[in-house]
$ cat entry.cif   # mmCIF, C-alpha atoms
data_coords
#
loop_
_atom_site.label_atom_id
_atom_site.label_comp_id
_atom_site.auth_asym_id
_atom_site.auth_seq_id
_atom_site.Cartn_x
_atom_site.Cartn_y
_atom_site.Cartn_z
CA MET A 1 99.92 120.57 109.78
CA THR A 2 103.02 120.02 111.91
CA PRO A 3 106.08 118.50 110.27
CA PRO A 4 105.93 114.79 110.99
CA ASN A 5 108.96 112.94 112.29
CA ARG A 6 110.26 109.75 110.78
CA ASN A 7 110.64 107.61 113.86
CA THR A 8 108.07 105.00 112.95
CA GLN A 9 109.95 103.23 110.17
CA SER A 10 109.50 99.84 111.81
CA THR A 11 105.76 100.17 112.15
CA THR A 12 104.08 97.08 110.78
CA SER A 13 101.40 97.32 108.12
CA LEU A 14 98.47 96.69 110.43
CA THR A 15 99.77 99.05 113.08
CA LEU A 16 100.34 101.63 110.37
CA LEU A 17 96.74 101.43 109.18
CA GLU A 18 95.51 101.61 112.77
CA SER A 19 97.62 104.73 113.36
CA LEU A 20 96.27 106.32 110.19
CA ARG A 21 92.76 105.87 111.53
CA GLU A 22 93.82 107.71 114.65
CA GLY A 23 95.10 110.64 112.57
CA SER A 24 98.76 110.12 113.42
CA GLN A 25 101.00 112.43 111.39
CA PRO A 26 104.07 110.15 111.60
CA ALA A 27 101.88 107.32 110.32
CA TRP A 28 100.78 109.46 107.38
CA ARG A 29 104.43 110.32 106.71
CA LEU A 30 105.31 106.62 106.70
CA PHE A 31 102.31 105.80 104.52
CA PHE A 32 103.38 108.45 102.02
CA ASP A 33 106.99 107.20 101.99
CA ARG A 34 105.87 103.67 101.44
CA TYR A 35 103.16 104.09 98.81
CA ALA A 36 103.56 107.41 96.94
CA SER A 37 106.49 106.25 94.87
CA MET A 38 104.75 102.97 94.09
CA LEU A 39 101.56 104.70 92.95
CA PHE A 40 103.57 107.12 90.84
CA SER A 41 105.39 104.24 89.12
CA ILE A 42 102.08 102.51 88.37
CA ALA A 43 100.68 105.67 86.83
CA ARG A 44 103.81 106.15 84.70
CA ARG A 45 103.82 102.47 83.72
CA LEU A 46 100.23 102.89 82.52
CA GLY A 47 101.10 105.71 80.18
CA LEU A 48 100.53 108.91 82.13
CA ASN A 49 103.11 111.64 81.72
CA GLU A 50 104.91 112.88 84.81
CA ILE A 51 102.53 115.74 85.55
CA ASP A 52 99.39 113.63 85.07
CA ALA A 53 100.91 110.81 87.12
CA GLN A 54 101.60 113.26 89.93
CA ASP A 55 98.01 114.49 89.77
CA ALA A 56 96.60 110.95 89.78
CA VAL A 57 98.73 110.04 92.81
CA GLN A 58 97.81 113.24 94.58
CA GLU A 59 94.11 112.53 94.09
CA THR A 60 94.59 108.94 95.23
CA LEU A 61 96.43 109.90 98.40
CA ILE A 62 93.97 112.63 99.28
CA ALA A 63 91.14 110.11 98.82
CA VAL A 64 92.99 107.73 101.14
CA HIS A 65 93.57 110.46 103.69
CA ARG A 66 89.92 111.49 103.62
CA ALA A 67 88.75 107.90 103.96
CA PHE A 68 90.93 107.37 107.00
CA SER A 69 89.85 110.69 108.46
CA SER A 70 86.18 109.80 108.19
CA MET A 71 84.38 107.81 110.83
CA GLU A 72 83.56 104.98 108.46
CA GLU A 73 85.77 101.93 108.14
CA PRO A 74 87.11 102.09 104.56
CA PHE A 75 87.80 98.35 104.34
CA ASP A 76 88.18 95.24 106.46
CA ARG A 77 91.71 95.55 107.85
CA GLN A 78 91.76 92.06 109.30
CA SER A 79 91.27 90.27 106.01
CA GLY A 80 93.93 91.89 103.89
CA ARG A 81 91.56 94.10 101.95
CA PHE A 82 93.72 97.21 102.07
CA LYS A 83 95.63 96.25 98.94
CA ALA A 84 92.47 95.71 96.87
CA TRP A 85 90.96 98.91 98.24
CA LEU A 86 94.03 100.99 97.32
CA ARG A 87 94.22 99.33 93.90
CA GLY A 88 90.59 100.26 93.27
CA ILE A 89 91.20 103.91 94.10
CA VAL A 90 94.34 104.34 92.01
CA LYS A 91 92.82 102.44 89.11
CA HIS A 92 89.88 104.82 89.10
CA LYS A 93 92.11 107.92 89.34
CA ILE A 94 94.44 106.80 86.54
CA ALA A 95 91.54 105.88 84.26
CA ASP A 96 89.95 109.22 85.04
CA MET A 97 93.18 111.05 84.17
CA HIS A 98 93.37 109.16 80.85
CA ARG A 99 89.78 110.13 80.07
CA ARG A 100 90.51 113.79 80.86
CA ARG A 101 93.47 113.74 78.48
CA ILE A 102 91.41 112.08 75.75
CA ARG A 103 88.60 114.62 76.21
CA SER A 104 91.12 117.42 76.03
CA ARG A 105 92.59 116.03 72.80
CA ILE A 106 89.10 115.60 71.34
CA HIS A 107 88.35 119.17 72.31
CA GLU A 108 91.55 120.32 70.60
CA GLY A 109 90.56 118.35 67.50
CA GLU A 110 93.52 115.98 67.81
CA LEU A 111 91.26 112.91 68.22
CA PRO A 112 87.86 111.90 66.84
CA ALA A 113 85.05 111.86 69.40
CA ALA A 114 84.92 108.06 69.68
CA GLY A 115 86.24 105.46 72.05
CA LEU A 116 86.10 107.72 75.09
CA ASP A 117 84.40 105.12 77.24
CA SER A 118 86.69 102.26 76.41
CA SER A 119 88.61 101.11 79.47
CA PRO A 120 91.63 99.14 78.31
CA LEU A 121 93.40 99.54 81.65
CA ASN A 122 92.03 96.60 83.62
CA ALA A 123 94.48 93.83 82.79
CA PRO A 124 97.64 95.97 82.56
CA MET A 125 96.56 97.83 85.67
CA ASP A 126 96.35 94.69 87.79
CA GLU A 127 99.67 93.47 86.48
CA ALA A 128 101.37 96.85 86.99
CA PHE A 129 99.93 97.13 90.48
CA GLU A 130 101.22 93.72 91.48
CA ILE A 131 104.72 94.42 90.17
CA GLU A 132 104.91 97.80 91.88
CA TRP A 133 103.36 96.47 95.08
CA GLN A 134 106.11 93.87 95.36
CA GLN A 135 108.76 96.50 94.71
CA ALA A 136 107.23 98.76 97.36
CA ARG A 137 107.32 95.87 99.82
CA LEU A 138 111.02 95.39 99.09
CA THR A 139 111.92 99.04 99.57
CA ALA A 140 109.77 99.18 102.72
CA ALA A 141 111.73 96.21 104.06
CA LEU A 142 114.97 97.97 103.16
CA ASP A 143 113.80 101.10 105.04
CA ILE A 144 113.09 98.99 108.11
CA ILE A 145 116.57 97.44 107.91
CA ALA A 146 118.14 100.88 107.47
CA LYS A 147 116.49 101.97 110.69
CA GLU A 148 117.48 98.85 112.62
CA SER A 149 121.04 98.36 111.34
CA ASP A 150 124.35 99.86 112.29
CA PRO A 151 124.70 102.83 109.88
CA ALA A 152 128.14 101.72 108.64
CA VAL A 153 126.89 98.19 107.94
CA PHE A 154 123.89 99.49 106.05
CA GLN A 155 125.98 101.95 104.07
CA ALA A 156 128.39 99.16 103.17
CA PHE A 157 125.46 97.12 101.90
CA GLN A 158 124.10 100.01 99.87
CA LEU A 159 127.40 100.82 98.25
CA CYS A 160 128.43 97.25 97.60
CA ALA A 161 125.17 95.40 96.93
CA ILE A 162 122.88 98.10 95.50
CA ASP A 163 125.34 100.46 93.81
CA GLY A 164 127.69 97.66 92.76
CA ARG A 165 130.85 99.30 94.16
CA ASP A 166 133.93 97.14 94.64
CA ALA A 167 134.30 95.76 98.18
CA ARG A 168 137.87 97.10 98.43
CA ASP A 169 136.71 100.64 97.59
CA VAL A 170 133.84 100.42 100.07
CA SER A 171 136.20 99.11 102.73
CA ARG A 172 138.57 102.04 102.21
CA LEU A 173 135.76 104.57 101.99
CA LEU A 174 134.06 103.49 105.21
CA GLY A 175 137.17 102.48 107.13
CA ILE A 176 135.97 98.93 107.77
CA THR A 177 137.45 95.59 106.81
CA ARG A 178 136.70 94.03 103.46
CA ASN A 179 135.28 91.10 105.36
CA ALA A 180 132.80 93.40 107.07
CA VAL A 181 131.69 94.65 103.65
CA TYR A 182 131.09 91.11 102.39
CA ILE A 183 129.26 90.16 105.56
CA SER A 184 127.02 93.23 105.37
CA LYS A 185 125.91 92.04 101.96
CA THR A 186 125.03 88.49 103.00
CA ARG A 187 123.46 89.37 106.34
CA ILE A 188 121.29 92.18 105.05
CA ILE A 189 119.99 90.08 102.17
CA LYS A 190 119.08 87.34 104.65
CA LYS A 191 117.39 89.86 106.91
CA LEU A 192 115.58 91.38 103.96
CA LYS A 193 113.97 88.03 103.19
CA VAL A 194 112.72 87.72 106.75
CA ILE A 195 111.19 91.19 106.74
CA VAL A 196 109.66 90.81 103.28
CA ASP A 197 108.01 87.58 104.44
CA ARG A 198 106.74 89.33 107.56
CA LEU A 199 105.29 92.25 105.59
CA GLU A 200 103.66 89.84 103.16
CA ALA A 201 102.11 87.87 106.03
CA GLU A 202 100.79 91.06 107.57
CA GLU A 203 99.05 91.95 104.31
CA GLY A 204 96.91 88.84 104.77
CA MET B 205 141.91 78.66 105.57
CA ALA B 206 141.44 75.49 107.60
CA GLY B 207 137.84 74.55 108.24
CA CYS B 208 136.36 76.36 105.23
CA PRO B 209 132.88 74.98 104.60
CA PRO B 210 132.04 73.42 101.23
CA GLU B 211 130.10 75.57 98.78
CA ASP B 212 126.81 73.78 99.40
CA ARG B 213 127.03 74.56 103.12
CA LEU B 214 127.55 78.23 102.30
CA ARG B 215 124.49 78.06 100.07
CA ASP B 216 122.50 76.41 102.90
CA TYR B 217 123.53 79.26 105.19
CA LEU B 218 122.47 81.91 102.68
CA ALA B 219 119.18 80.20 101.91
CA ALA B 220 118.20 79.73 105.56
CA VAL B 221 115.77 82.29 106.93
CA GLU B 222 117.00 81.67 110.48
CA THR B 223 120.57 80.81 111.37
CA THR B 224 120.04 77.44 113.04
CA PRO B 225 122.59 76.01 115.51
CA ALA B 226 123.86 73.80 112.69
CA LEU B 227 124.60 76.89 110.58
CA GLU B 228 126.13 79.01 113.35
CA PRO B 229 129.69 77.73 112.75
CA ILE B 230 129.42 79.02 109.19
CA GLU B 231 128.34 82.43 110.41
CA TYR B 232 131.32 82.57 112.78
CA HIS B 233 133.63 81.31 110.06
CA LEU B 234 132.60 84.09 107.67
CA GLU B 235 133.65 86.68 110.23
CA THR B 236 137.26 85.57 110.07
CA CYS B 237 137.67 84.13 106.57
CA THR B 238 137.70 86.79 103.86
CA ARG B 239 137.82 84.19 101.11
CA CYS B 240 134.59 82.51 102.24
CA ALA B 241 132.93 85.85 103.03
CA ALA B 242 133.76 86.98 99.49
CA ALA B 243 132.44 83.70 98.06
CA ALA B 244 129.18 84.10 99.99
CA ALA B 245 128.86 87.72 98.80
CA ASP B 246 129.38 86.50 95.22
CA MET B 247 126.63 83.91 95.67
CA VAL B 248 124.27 86.65 96.81
CA GLU B 249 124.85 88.33 93.43
CA SER B 250 122.74 85.64 91.77
CA ASP B 251 119.91 86.00 94.28
CA PRO B 252 116.79 87.20 92.41
CA MET B 253 115.80 89.29 95.42
CA LEU B 254 118.92 91.42 95.03
CA ALA B 255 118.14 92.00 91.35
CA ARG B 256 114.58 93.02 92.24
CA LEU B 257 115.83 95.25 95.01
CA ARG B 258 118.16 97.10 92.64
CA ILE B 259 115.30 97.69 90.21
CA ALA B 260 113.03 98.89 93.01
CA GLN B 261 115.68 101.21 94.39
CA ARG B 262 116.44 102.69 90.95
CA ALA B 263 112.73 103.30 90.36
CA ARG B 264 112.42 105.01 93.72
CA ASP B 265 115.50 107.16 93.08
CA SER B 266 114.28 108.22 89.65
CA ALA B 267 110.88 109.22 91.06
CA LYS B 268 112.41 111.13 93.95
CA LYS B 269 111.99 114.67 92.61
CA ALA B 270 108.43 114.07 91.47
CA ILE B 271 107.61 112.58 94.86
CA GLN B 272 109.08 115.59 96.67
CA ARG B 273 106.91 117.91 94.59
CA LEU B 274 103.92 115.70 95.26
CA GLU B 275 104.61 115.73 98.98
CA HIS B 276 104.58 119.51 98.98
CA GLN B 277 101.34 119.68 96.96
CA ILE B 278 99.54 117.18 99.17
CA SER B 279 100.72 118.84 102.33
CA THR B 280 99.39 122.17 101.05
CA THR B 281 96.06 120.65 100.01
CA LEU B 282 95.57 118.89 103.33
CA ASN B 283 96.56 122.00 105.27
CA ASP B 284 93.99 123.99 103.30
CA THR B 285 91.40 121.33 104.16
CA ASP B 286 92.42 121.38 107.84
CA ASP B 287 92.06 125.15 107.81
CA GLY B 288 88.56 124.82 106.42
CA GLY B 289 89.57 125.73 102.84
#

$ encode --input "entry.cif" --output "C-alpha cells"
Amino acid sequence: MTPPNRNTQSTTSLTLLESLREGSQPAWRLFFDRYASMLFSIARRLGLNEIDAQDAVQETLIAVHRAFSSMEEPFDRQSGRFKAWLRGIVKHKIADMHRRRIRSRIHEGELPAAGLDSSPLNAPMDEAFEIEWQQARLTAALDIIAKESDPAVFQAFQLCAIDGRDARDVSRLLGITRNAVYISKTRIIKKLKVIVDRLEAEEG
Amino acid sequence: MAGCPPEDRLRDYLAAVETTPALEPIEYHLETCTRCAAAAADMVESDPMLARLRIAQRARDSAKKAIQRLEHQISTTLNDTDDGG
C-alpha cells in the first residue's frame, strides 16, 4: 500500500464515499481521519478498555474497507444510509468484543455462566453514536477550515478559541494584531457553522 | 470609536450564516475597531458550538496515540490482504 497523501481534506461526504468505492487511497486516508477517532470514542464510551476499543475499531474499519472493495453496493448512498450502515457495523463489533470479554471471564471463573446473550447496548449505543457522530462532524468541519484558511488565521483561532489562550499572548506569539486574533475567532466560528450545515445536508 | 454598532447588531452579525449587505458594515468595522472585535470574540465564548468543538477536539487529542497505533495495525492488515495474506 502506498502512503496516501492528505490533499483531499475538502472532499464532501458523498464524493468521499464515491472515491472509496473506486479504491482511492487518499479517500481511505480521509475516511480514517474522519471516523476512526469517533468509532474509538464510541467503543470507550460503551465500556471497552483501550485495547479492546482499538480491536473493535480495527475490525469495523476493515469490514468497511472490504465492503467498499467488493463489487456490491453496501448501502444506498443517495438516501443517507451510510450513517445507519456504519452504526450497525460498529454496534455489532463492540457487542462482539463485550461478549468475548465476558466469555473470557467466565472461562477464568470470574463470572457465572449466565447472561452471556443479554444485549444491553442498544439504547446507550444509539445515544453514544449520535453524540460522537456530531463531534466527528465538527472536527471534520474544522479540518476543512484548516485546509482552506490562512495558516496564521487558523493558528490564531486554535490558540485563542480552542486552547483558551489570551488574545494578547497569541498576538505576540504569531506576530499579528490583537484585532486579527479576535476576528479569526468570530470568522472561523461563522464559517464552521456553514460547513457543519453543509456536511449535515450531505448526510441526507 | 465613532460608529460602533450596538450589541444586538453584533449579535446579528455573529448569528448570520451569510454576511448580507446589511451586515457588511459591521464586518468592516470589526477590522478596525479592537474594542468591538474583542466584544464579538467574547460573545462567541457563549456559543454552544464552540463548547462542543472544544470537547470534540479534546477527545480527538486524547485518542491520538491509540489512533496512530490503530492506523499502523490496519495498514499492516490491509497490506497483508493486498499481498494475498

$ closest_residue --input "entry.cif" --among "B:Leu218, B:Ala243, B:Leu282, B:Ala267" --to "Glu231 in chain B" --atoms "all atoms listed in the file"
B:Leu218

$ resolve_selection --input "entry.cif" --expression "the PyMOL selection byres ((chain B) within 6 of (chain A))" --output "mmCIF file with C-alpha atoms, keeping the file's coordinate frame"
data_model
loop_
_atom_site.group_PDB
_atom_site.id
_atom_site.type_symbol
_atom_site.label_atom_id
_atom_site.label_comp_id
_atom_site.auth_asym_id
_atom_site.auth_seq_id
_atom_site.Cartn_x
_atom_site.Cartn_y
_atom_site.Cartn_z
ATOM 1 C CA THR B 238 137.700 86.790 103.860
ATOM 2 C CA ALA B 241 132.930 85.850 103.030
ATOM 3 C CA ALA B 242 133.760 86.980 99.490
ATOM 4 C CA ALA B 245 128.860 87.720 98.800
ATOM 5 C CA ARG B 258 118.160 97.100 92.640
ATOM 6 C CA ALA B 260 113.030 98.890 93.010
ATOM 7 C CA ASN B 283 96.560 122.000 105.270
#

$ atom_distance --input "entry.cif" --atom1 "CA of Leu39 in chain A" --atom2 "CA of Pro252 in chain B"
23.2 Å

$ atom_distance --input "entry.cif" --atom1 "CA of Leu227 in chain B" --atom2 "CA of Leu159 in chain A"
27.1 Å

$ residues_around --input "entry.cif" --residues "Arg87 in chain A" --least-positions-apart "5" --cutoff "12 Å" --atoms "all atoms listed in the file" --output "list of chain:residue names"
A:Tyr35, A:Met38, A:Leu39, A:Ile42, A:Ala43, A:Val57, A:Thr60, A:Leu61, A:Val64, A:Arg81, A:Phe82, A:His92, A:Lys93, A:Ile94, A:Ala95, A:Asn122, A:Met125, A:Asp126, A:Glu127, A:Ala128, A:Phe129, A:Glu130, A:Glu132, A:Trp133

$ closest_residue --input "entry.cif" --among "B:Cys237, B:Ala226, B:Ala244, B:Met253" --to "Asp212 in chain B" --atoms "only C-alpha atoms"
B:Ala244

$ decode --input "entry.cif" --residues "range 215-230 of chain B" --atoms "N, CA and C atoms" --output "PDB file, in the first residue's frame"
ATOM      1  N   ARG B 215     -24.542  40.876  17.549  1.00  0.00           N
ATOM      2  CA  ARG B 215     -25.106  39.520  17.687  1.00  0.00           C
ATOM      3  C   ARG B 215     -25.739  39.058  16.368  1.00  0.00           C
ATOM      4  N   ASP B 216     -26.406  39.979  15.678  1.00  0.00           N
ATOM      5  CA  ASP B 216     -26.999  39.643  14.368  1.00  0.00           C
ATOM      6  C   ASP B 216     -25.898  39.185  13.413  1.00  0.00           C
ATOM      7  N   TYR B 217     -24.791  39.923  13.435  1.00  0.00           N
ATOM      8  CA  TYR B 217     -23.677  39.591  12.546  1.00  0.00           C
ATOM      9  C   TYR B 217     -23.141  38.189  12.865  1.00  0.00           C
ATOM     10  N   LEU B 218     -22.980  37.903  14.145  1.00  0.00           N
ATOM     11  CA  LEU B 218     -22.421  36.599  14.532  1.00  0.00           C
ATOM     12  C   LEU B 218     -23.385  35.450  14.223  1.00  0.00           C
ATOM     13  N   ALA B 219     -24.675  35.749  14.351  1.00  0.00           N
ATOM     14  CA  ALA B 219     -25.669  34.687  14.148  1.00  0.00           C
ATOM     15  C   ALA B 219     -25.914  34.410  12.665  1.00  0.00           C
ATOM     16  N   ALA B 220     -25.597  35.380  11.810  1.00  0.00           N
ATOM     17  CA  ALA B 220     -25.918  35.217  10.387  1.00  0.00           C
ATOM     18  C   ALA B 220     -24.978  34.214   9.729  1.00  0.00           C
ATOM     19  N   VAL B 221     -25.564  33.289   8.976  1.00  0.00           N
ATOM     20  CA  VAL B 221     -24.750  32.310   8.264  1.00  0.00           C
ATOM     21  C   VAL B 221     -23.981  33.012   7.144  1.00  0.00           C
ATOM     22  N   GLU B 222     -24.669  33.860   6.394  1.00  0.00           N
ATOM     23  CA  GLU B 222     -24.025  34.639   5.339  1.00  0.00           C
ATOM     24  C   GLU B 222     -23.956  36.093   5.796  1.00  0.00           C
ATOM     25  N   THR B 223     -22.856  36.761   5.418  1.00  0.00           N
ATOM     26  CA  THR B 223     -22.778  38.188   5.720  1.00  0.00           C
ATOM     27  C   THR B 223     -23.539  38.944   4.626  1.00  0.00           C
ATOM     28  N   THR B 224     -24.744  39.356   4.949  1.00  0.00           N
ATOM     29  CA  THR B 224     -25.596  40.056   3.983  1.00  0.00           C
ATOM     30  C   THR B 224     -25.076  41.485   3.789  1.00  0.00           C
ATOM     31  N   PRO B 225     -25.498  42.160   2.721  1.00  0.00           N
ATOM     32  CA  PRO B 225     -25.071  43.554   2.527  1.00  0.00           C
ATOM     33  C   PRO B 225     -25.358  44.419   3.753  1.00  0.00           C
ATOM     34  N   ALA B 226     -26.455  44.138   4.434  1.00  0.00           N
ATOM     35  CA  ALA B 226     -26.791  44.936   5.623  1.00  0.00           C
ATOM     36  C   ALA B 226     -25.774  44.728   6.752  1.00  0.00           C
ATOM     37  N   LEU B 227     -25.133  43.566   6.755  1.00  0.00           N
ATOM     38  CA  LEU B 227     -24.180  43.264   7.838  1.00  0.00           C
ATOM     39  C   LEU B 227     -22.725  43.570   7.454  1.00  0.00           C
ATOM     40  N   GLU B 228     -22.506  43.863   6.185  1.00  0.00           N
ATOM     41  CA  GLU B 228     -21.121  44.130   5.738  1.00  0.00           C
ATOM     42  C   GLU B 228     -20.449  45.272   6.498  1.00  0.00           C
ATOM     43  N   PRO B 229     -21.175  46.384   6.765  1.00  0.00           N
ATOM     44  CA  PRO B 229     -20.508  47.468   7.510  1.00  0.00           C
ATOM     45  C   PRO B 229     -19.967  47.000   8.862  1.00  0.00           C
ATOM     46  N   ILE B 230     -20.660  46.045   9.464  1.00  0.00           N
ATOM     47  CA  ILE B 230     -20.184  45.539  10.768  1.00  0.00           C
ATOM     48  C   ILE B 230     -18.889  44.756  10.567  1.00  0.00           C
TER      49      ILE B 230
END
